[in-house]
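Trainee: Dumping the structure here so I can ask a few things about it.
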Amino acid sequence: MKRLSLVILLLSMVSAQAAPFEVTGAWFRSLPGKLPAGGYFTAQNNSRRDVSITGARSDACGMLMIHQSSNKGGMSGMDMMETVKVPAGGQVAFATGGYHLMCEGAKMKIGTKVPVLINLSDGTSVAVAFQVKGAMGK
Ligand SMILES: [Cu+2]
């Protein structure tokens, strides 16, 4: 009897850890005035199927888009991305100089958290609390 409950406990711990899709280290860089806030995080796909991030939305943003920073012939810019693939068992970082969320019309306060819904190609979405930090990332 004791042994069975231990097994059940272990099983429930394992299943709690292995969420199919995880987002960690999520934060927004809040900039002064009407400048957009960049959103950064790491997406981890623990499932056996590739899945793509197809969009995101938040009440803290007038518009929330997926961007990729680019550098073409010394000109830095940003491209709009329809989807970003996170391979089975792999992870993708949304970080400065690469993929990021771009929050136009940002309504957020440094030191608070704002909820973001990240949509996935399998039809599910993941609710993530983004920590709002200042220009220096603090
Ligand atoms: Cu951007």
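In the structure tokens, each chain is lettered A, B, ... as it comes, each chain's residues begin at 1, and ligands are numbered from 1 in order of appearance.
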Let me have all residues with an atom within 9 Å of ligand 1, counting only C-alpha atoms and all ligand atoms, laid out as an MDAnalysis selection string.
Mentor: chainID A and resid 36:39 65:69 77:80 99:103
Trainee: Mind writing the picked residues with N, CA and C atoms as a PDB file, in the first residue's frame?
Mentor:
ATOM      1  N   PRO A  36       7.437  50.844 -28.724  1.00  0.00           N
ATOM      2  CA  PRO A  36       6.919  49.504 -28.461  1.00  0.00           C
ATOM      3  C   PRO A  36       7.769  48.755 -27.438  1.00  0.00           C
ATOM      4  N   ALA A  37       7.146  47.802 -26.758  1.00  0.00           N
ATOM      5  CA  ALA A  37       7.850  46.967 -25.780  1.00  0.00           C
ATOM      6  C   ALA A  37       8.203  45.638 -26.438  1.00  0.00           C
ATOM      7  N   GLY A  38       9.464  45.224 -26.309  1.00  0.00           N
ATOM      8  CA  GLY A  38       9.888  43.937 -26.847  1.00  0.00           C
ATOM      9  C   GLY A  38       9.621  42.828 -25.832  1.00  0.00           C
ATOM     10  N   GLY A  39       9.116  41.707 -26.301  1.00  0.00           N
ATOM     11  CA  GLY A  39       8.814  40.574 -25.423  1.00  0.00           C
ATOM     12  C   GLY A  39       9.778  39.430 -25.679  1.00  0.00           C
ATOM     13  N   MET A  65       2.794  41.468 -32.106  1.00  0.00           N
ATOM     14  CA  MET A  65       3.245  40.764 -33.308  1.00  0.00           C
ATOM     15  C   MET A  65       4.497  39.950 -33.018  1.00  0.00           C
ATOM     16  N   ILE A  66       4.758  38.973 -33.902  1.00  0.00           N
ATOM     17  CA  ILE A  66       6.013  38.228 -33.832  1.00  0.00           C
ATOM     18  C   ILE A  66       6.975  38.861 -34.840  1.00  0.00           C
ATOM     19  N   HIS A  67       8.143  39.237 -34.381  1.00  0.00           N
ATOM     20  CA  HIS A  67       9.165  39.840 -35.234  1.00  0.00           C
ATOM     21  C   HIS A  67      10.449  39.029 -35.190  1.00  0.00           C
ATOM     22  N   GLN A  68      11.242  39.237 -36.216  1.00  0.00           N
ATOM     23  CA  GLN A  68      12.605  38.731 -36.193  1.00  0.00           C
ATOM     24  C   GLN A  68      13.528  39.865 -36.606  1.00  0.00           C
ATOM     25  N   SER A  69      14.508  40.148 -35.750  1.00  0.00           N
ATOM     26  CA  SER A  69      15.479  41.179 -36.099  1.00  0.00           C
ATOM     27  C   SER A  69      16.314  40.681 -37.259  1.00  0.00           C
ATOM     28  N   GLY A  77      16.910  45.814 -39.251  1.00  0.00           N
ATOM     29  CA  GLY A  77      15.473  46.024 -39.317  1.00  0.00           C
ATOM     30  C   GLY A  77      14.756  44.890 -38.644  1.00  0.00           C
ATOM     31  N   MET A  78      13.436  44.823 -38.877  1.00  0.00           N
ATOM     32  CA  MET A  78      12.651  43.756 -38.279  1.00  0.00           C
ATOM     33  C   MET A  78      11.691  43.201 -39.305  1.00  0.00           C
ATOM     34  N   ASP A  79      11.604  41.891 -39.362  1.00  0.00           N
ATOM     35  CA  ASP A  79      10.658  41.233 -40.248  1.00  0.00           C
ATOM     36  C   ASP A  79       9.504  40.680 -39.425  1.00  0.00           C
ATOM     37  N   MET A  80       8.320  40.767 -39.991  1.00  0.00           N
ATOM     38  CA  MET A  80       7.136  40.189 -39.397  1.00  0.00           C
ATOM     39  C   MET A  80       7.146  38.689 -39.655  1.00  0.00           C
ATOM     40  N   TYR A  99      14.325  36.550 -32.620  1.00  0.00           N
ATOM     41  CA  TYR A  99      12.866  36.584 -32.510  1.00  0.00           C
ATOM     42  C   TYR A  99      12.472  37.395 -31.282  1.00  0.00           C
ATOM     43  N   HIS A 100      11.382  38.116 -31.406  1.00  0.00           N
ATOM     44  CA  HIS A 100      10.822  38.787 -30.236  1.00  0.00           C
ATOM     45  C   HIS A 100       9.355  39.091 -30.497  1.00  0.00           C
ATOM     46  N   LEU A 101       8.628  39.346 -29.433  1.00  0.00           N
ATOM     47  CA  LEU A 101       7.280  39.861 -29.576  1.00  0.00           C
ATOM     48  C   LEU A 101       7.383  41.375 -29.594  1.00  0.00           C
ATOM     49  N   MET A 102       6.569  42.014 -30.412  1.00  0.00           N
ATOM     50  CA  MET A 102       6.568  43.461 -30.464  1.00  0.00           C
ATOM     51  C   MET A 102       5.204  43.953 -30.040  1.00  0.00           C
ATOM     52  N   CYS A 103       5.193  44.639 -28.925  1.00  0.00           N
ATOM     53  CA  CYS A 103       3.954  45.118 -28.311  1.00  0.00           C
ATOM     54  C   CYS A 103       3.790  46.599 -28.611  1.00  0.00           C
TER      55      CYS A 103
END
Trainee: Give me, as CSV, each residue of region 7-79 of chain A that comes within 10 Å of region 106-110 of chain A, together with its shortest interatomic pair and the distance in Å at one decimal, counting only C-alpha atoms, with rows ordered by chain and rising residue number.
Mentor:
residue,atom,partner,partner_atom,distance
A:Phe28,CA,A:Ile110,CA,8.9
A:Arg29,CA,A:Ile110,CA,8.7
A:Ser30,CA,A:Ile110,CA,6.8
A:Leu31,CA,A:Ala106,CA,9.1
A:Pro32,CA,A:Ala106,CA,10.0
A:Gly33,CA,A:Ala106,CA,9.4
A:Lys34,CA,A:Ala106,CA,7.6
A:Leu35,CA,A:Ala106,CA,8.0
A:Pro36,CA,A:Ala106,CA,6.3
A:Ala37,CA,A:Ala106,CA,6.4
A:Gly38,CA,A:Ala106,CA,9.8
A:Ser58,CA,A:Ala106,CA,9.6
A:Asp59,CA,A:Lys107,CA,8.2
A:Ala60,CA,A:Lys107,CA,4.9
A:Cys61,CA,A:Ala106,CA,4.6
A:Gly62,CA,A:Ala106,CA,6.4
A:Met63,CA,A:Ala106,CA,8.2
A:Leu64,CA,A:Ala106,CA,9.1
Trainee: How would the residues just picked look written out with N, CA, C and O atoms as an mmCIF file, in the first residue's frame?
Mentor:
data_model
loop_
_atom_site.group_PDB
_atom_site.id
_atom_site.type_symbol
_atom_site.label_atom_id
_atom_site.label_comp_id
_atom_site.auth_asym_id
_atom_site.auth_seq_id
_atom_site.Cartn_x
_atom_site.Cartn_y
_atom_site.Cartn_z
ATOM 1 N N PHE A 28 8.969 41.632 -20.678
ATOM 2 C CA PHE A 28 8.855 42.731 -21.642
ATOM 3 C C PHE A 28 9.878 43.798 -21.286
ATOM 4 O O PHE A 28 10.099 44.098 -20.106
ATOM 5 N N ARG A 29 10.476 44.386 -22.314
ATOM 6 C CA ARG A 29 11.311 45.570 -22.119
ATOM 7 C C ARG A 29 10.424 46.796 -22.366
ATOM 8 O O ARG A 29 10.102 47.115 -23.505
ATOM 9 N N SER A 30 10.019 47.438 -21.282
ATOM 10 C CA SER A 30 9.151 48.598 -21.376
ATOM 11 C C SER A 30 9.996 49.840 -21.636
ATOM 12 O O SER A 30 10.950 50.115 -20.918
ATOM 13 N N LEU A 31 9.655 50.574 -22.705
ATOM 14 C CA LEU A 31 10.405 51.773 -23.075
ATOM 15 C C LEU A 31 9.513 52.994 -22.889
ATOM 16 O O LEU A 31 8.295 52.890 -22.953
ATOM 17 N N PRO A 32 10.130 54.164 -22.677
ATOM 18 C CA PRO A 32 9.325 55.363 -22.418
ATOM 19 C C PRO A 32 8.516 55.813 -23.632
ATOM 20 O O PRO A 32 8.804 55.446 -24.771
ATOM 21 N N GLY A 33 7.511 56.619 -23.369
ATOM 22 C CA GLY A 33 6.706 57.221 -24.421
ATOM 23 C C GLY A 33 5.892 56.193 -25.182
ATOM 24 O O GLY A 33 5.369 55.249 -24.614
ATOM 25 N N LYS A 34 5.816 56.397 -26.496
ATOM 26 C CA LYS A 34 4.999 55.509 -27.321
ATOM 27 C C LYS A 34 5.821 54.395 -27.970
ATOM 28 O O LYS A 34 5.353 53.728 -28.897
ATOM 29 N N LEU A 35 7.050 54.214 -27.519
ATOM 30 C CA LEU A 35 7.901 53.164 -28.095
ATOM 31 C C LEU A 35 7.323 51.783 -27.773
ATOM 32 O O LEU A 35 6.780 51.567 -26.696
ATOM 33 N N PRO A 36 7.437 50.844 -28.724
ATOM 34 C CA PRO A 36 6.919 49.504 -28.461
ATOM 35 C C PRO A 36 7.769 48.755 -27.438
ATOM 36 O O PRO A 36 8.957 49.035 -27.270
ATOM 37 N N ALA A 37 7.146 47.802 -26.758
ATOM 38 C CA ALA A 37 7.850 46.967 -25.780
ATOM 39 C C ALA A 37 8.203 45.638 -26.438
ATOM 40 O O ALA A 37 7.362 45.002 -27.078
ATOM 41 N N GLY A 38 9.464 45.224 -26.309
ATOM 42 C CA GLY A 38 9.888 43.937 -26.847
ATOM 43 C C GLY A 38 9.621 42.828 -25.832
ATOM 44 O O GLY A 38 9.863 43.010 -24.639
ATOM 45 N N SER A 58 -2.427 40.154 -25.921
ATOM 46 C CA SER A 58 -2.437 40.600 -24.532
ATOM 47 C C SER A 58 -3.251 41.878 -24.431
ATOM 48 O O SER A 58 -3.195 42.728 -25.330
ATOM 49 N N ASP A 59 -3.978 41.991 -23.343
ATOM 50 C CA ASP A 59 -4.721 43.229 -23.099
ATOM 51 C C ASP A 59 -3.773 44.398 -22.844
ATOM 52 O O ASP A 59 -4.178 45.556 -22.921
ATOM 53 N N ALA A 60 -2.498 44.082 -22.539
ATOM 54 C CA ALA A 60 -1.510 45.137 -22.264
ATOM 55 C C ALA A 60 -0.950 45.747 -23.545
ATOM 56 O O ALA A 60 -0.165 46.682 -23.500
ATOM 57 N N CYS A 61 -1.350 45.189 -24.702
ATOM 58 C CA CYS A 61 -0.818 45.665 -25.979
ATOM 59 C C CYS A 61 -1.966 45.989 -26.928
ATOM 60 O O CYS A 61 -2.907 45.207 -27.055
ATOM 61 N N GLY A 62 -1.837 47.125 -27.623
ATOM 62 C CA GLY A 62 -2.806 47.437 -28.658
ATOM 63 C C GLY A 62 -2.689 46.424 -29.789
ATOM 64 O O GLY A 62 -3.671 45.942 -30.329
ATOM 65 N N MET A 63 -1.428 46.101 -30.122
ATOM 66 C CA MET A 63 -1.144 45.104 -31.140
ATOM 67 C C MET A 63 0.091 44.331 -30.692
ATOM 68 O O MET A 63 1.033 44.920 -30.181
ATOM 69 N N LEU A 64 0.050 43.005 -30.874
ATOM 70 C CA LEU A 64 1.173 42.181 -30.446
ATOM 71 C C LEU A 64 1.568 41.284 -31.616
ATOM 72 O O LEU A 64 0.766 40.486 -32.092
#
Trainee: Extract, using only C-alpha atoms, all DNA, RNA and protein residues at most 12 Å from region 82-84 of chain A, discarding same-chain residues fewer than 5 positions from it, and format them as a PyMOL selection string.
Mentor: chain A and resi 43+50-56+65-68+91-94+98-101+118-121
Trainee: For those residues, write N, CA, C and O atoms to a file as a compact mmCIF listing (two decimals), in the first residue's frame.
Mentor:
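And here's selection22.txt as it stands now:
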# COMPACT_ATOMS: atom_id res chain seq x y z
N ALA A 43 10.89 29.19 -25.41
CA ALA A 43 9.83 28.23 -25.64
C ALA A 43 10.43 26.83 -25.72
O ALA A 43 11.40 26.61 -26.45
N ASP A 50 6.55 18.58 -33.82
CA ASP A 50 6.88 19.99 -34.01
C ASP A 50 5.62 20.81 -33.76
O ASP A 50 4.51 20.37 -34.08
N VAL A 51 5.78 21.97 -33.20
CA VAL A 51 4.65 22.86 -33.02
C VAL A 51 5.14 24.27 -33.33
O VAL A 51 6.33 24.57 -33.16
N SER A 52 4.24 25.10 -33.84
CA SER A 52 4.65 26.46 -34.17
C SER A 52 3.88 27.46 -33.33
O SER A 52 2.71 27.24 -33.00
N ILE A 53 4.57 28.53 -32.99
CA ILE A 53 3.90 29.66 -32.37
C ILE A 53 3.27 30.46 -33.50
O ILE A 53 3.96 30.84 -34.46
N THR A 54 1.96 30.67 -33.44
CA THR A 54 1.26 31.30 -34.56
C THR A 54 0.80 32.71 -34.23
O THR A 54 0.27 33.40 -35.09
N GLY A 55 1.00 33.14 -32.99
CA GLY A 55 0.59 34.49 -32.63
C GLY A 55 0.53 34.64 -31.13
O GLY A 55 0.74 33.69 -30.39
N ALA A 56 0.25 35.86 -30.72
CA ALA A 56 0.13 36.15 -29.30
C ALA A 56 -0.78 37.34 -29.13
O ALA A 56 -0.89 38.18 -30.03
N MET A 65 2.79 41.47 -32.11
CA MET A 65 3.24 40.76 -33.31
C MET A 65 4.50 39.95 -33.02
O MET A 65 5.22 40.22 -32.06
N ILE A 66 4.76 38.97 -33.90
CA ILE A 66 6.01 38.23 -33.83
C ILE A 66 6.97 38.86 -34.84
O ILE A 66 6.64 39.00 -36.02
N HIS A 67 8.14 39.24 -34.38
CA HIS A 67 9.17 39.84 -35.23
C HIS A 67 10.45 39.03 -35.19
O HIS A 67 10.70 38.29 -34.25
N GLN A 68 11.24 39.24 -36.22
CA GLN A 68 12.61 38.73 -36.19
C GLN A 68 13.53 39.87 -36.61
O GLN A 68 13.35 40.46 -37.67
N GLN A 91 13.99 23.69 -28.28
CA GLN A 91 13.56 24.99 -27.78
C GLN A 91 14.01 26.11 -28.70
O GLN A 91 14.93 25.96 -29.49
N VAL A 92 13.28 27.21 -28.60
CA VAL A 92 13.59 28.41 -29.38
C VAL A 92 13.60 29.59 -28.42
O VAL A 92 12.70 29.74 -27.60
N ALA A 93 14.66 30.38 -28.52
CA ALA A 93 14.77 31.56 -27.66
C ALA A 93 14.28 32.79 -28.41
O ALA A 93 14.65 33.02 -29.56
N PHE A 94 13.40 33.53 -27.76
CA PHE A 94 13.03 34.86 -28.22
C PHE A 94 13.91 35.81 -27.41
O PHE A 94 13.76 35.92 -26.20
N GLY A 98 17.08 38.69 -32.13
CA GLY A 98 16.49 37.56 -32.85
C GLY A 98 14.98 37.67 -32.86
O GLY A 98 14.42 38.74 -33.11
N TYR A 99 14.32 36.55 -32.62
CA TYR A 99 12.87 36.58 -32.51
C TYR A 99 12.47 37.39 -31.28
O TYR A 99 13.15 37.36 -30.26
N HIS A 100 11.38 38.12 -31.41
CA HIS A 100 10.82 38.79 -30.24
C HIS A 100 9.35 39.09 -30.50
O HIS A 100 8.90 39.04 -31.64
N LEU A 101 8.63 39.35 -29.43
CA LEU A 101 7.28 39.86 -29.58
C LEU A 101 7.38 41.38 -29.59
O LEU A 101 8.22 41.96 -28.91
N ILE A 118 -0.23 32.93 -25.74
CA ILE A 118 0.56 32.53 -26.91
C ILE A 118 -0.18 31.41 -27.62
O ILE A 118 -0.49 30.37 -27.02
N ASN A 119 -0.48 31.63 -28.90
CA ASN A 119 -1.25 30.65 -29.68
C ASN A 119 -0.32 29.68 -30.39
O ASN A 119 0.71 30.09 -30.95
N LEU A 120 -0.72 28.41 -30.41
CA LEU A 120 0.09 27.36 -31.03
C LEU A 120 -0.64 26.74 -32.21
O LEU A 120 -1.87 26.78 -32.30
N SER A 121 0.15 26.15 -33.11
CA SER A 121 -0.40 25.58 -34.35
C SER A 121 -1.30 24.37 -34.10
O SER A 121 -2.06 23.99 -34.97
Trainee: So how many Å separate CA of Gly89 (chain A) and CA of Ser47 (chain A), to one decimal?
Mentor: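 Separation between CA of Gly89 (chain A) and CA of Ser47 (chain A): 6.0 Å.
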Trainee: Using only C-alpha atoms, which residues sit within 9 Å of Thr112 (chain A) once same-chain residues fewer than 5 positions away are excluded, as a list in words?
Mentor: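 Residues near the query, excluding close chain neighbours: Phe130, Gln131, Val132 and Lys133 of chain A.
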Trainee: Please measure the separation of CA of Arg57 (chain A) and CA of Trp27 (chain A), giving the value in Å to one decimal.
Mentor: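 Rounded to one decimal, the two atoms are 14.3 Å apart.
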Trainee: So that I can check the secondary structure, give me every residue of region 46-110 of chain A assigned strand (DSSP E or B) by backbone DSSP, as a ChimeraX atom specification.
Mentor: /A:51-57,63-72,75-80,84-86,91-94,99-104
Trainee: From region 8-133 of chain A, collect each residue whose DSSP state is alpha helix (DSSP H) and return the set as a list in words.
Mentor: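 Selecting the alpha helix (DSSP H) positions of region 8-133 of chain A gives Ile8, Leu9, Leu10, Leu11, Ser12, Met13, Val14, Ser15, Ala16 and Gln17 of chain A.
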Trainee: Produce a file of the selected residues containing C-alpha atoms, as a compact mmCIF listing (two decimals), in the first residue's frame.
Mentor:
# COMPACT_ATOMS: atom_id res chain seq x y z
CA ILE A 8 1.54 7.41 -7.74
CA LEU A 9 3.30 10.37 -6.16
CA LEU A 10 6.32 9.95 -8.45
CA LEU A 11 4.11 9.60 -11.52
CA SER A 12 2.20 12.75 -10.70
CA MET A 13 5.48 14.64 -10.21
CA VAL A 14 6.77 13.49 -13.59
CA SER A 15 3.59 14.46 -15.41
CA ALA A 16 3.58 17.85 -13.69
CA GLN A 17 7.09 18.53 -14.98
Trainee: One number please: CA of Val23 (chain A) to CA of Gln44 (chain A), in Å, one decimal.
Mentor: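 Taking CA of Val23 (chain A) and CA of Gln44 (chain A), their separation equals 6.3 Å.
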Trainee: Tell me which of A:Gly137, A:Thr24, A:Arg48, A:Val126 sits closest to Pro87 (chain A), counting only C-alpha atoms.
Mentor: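 Using only C-alpha atoms, the shortest distance to Pro87 (chain A) belongs to A:Arg48.
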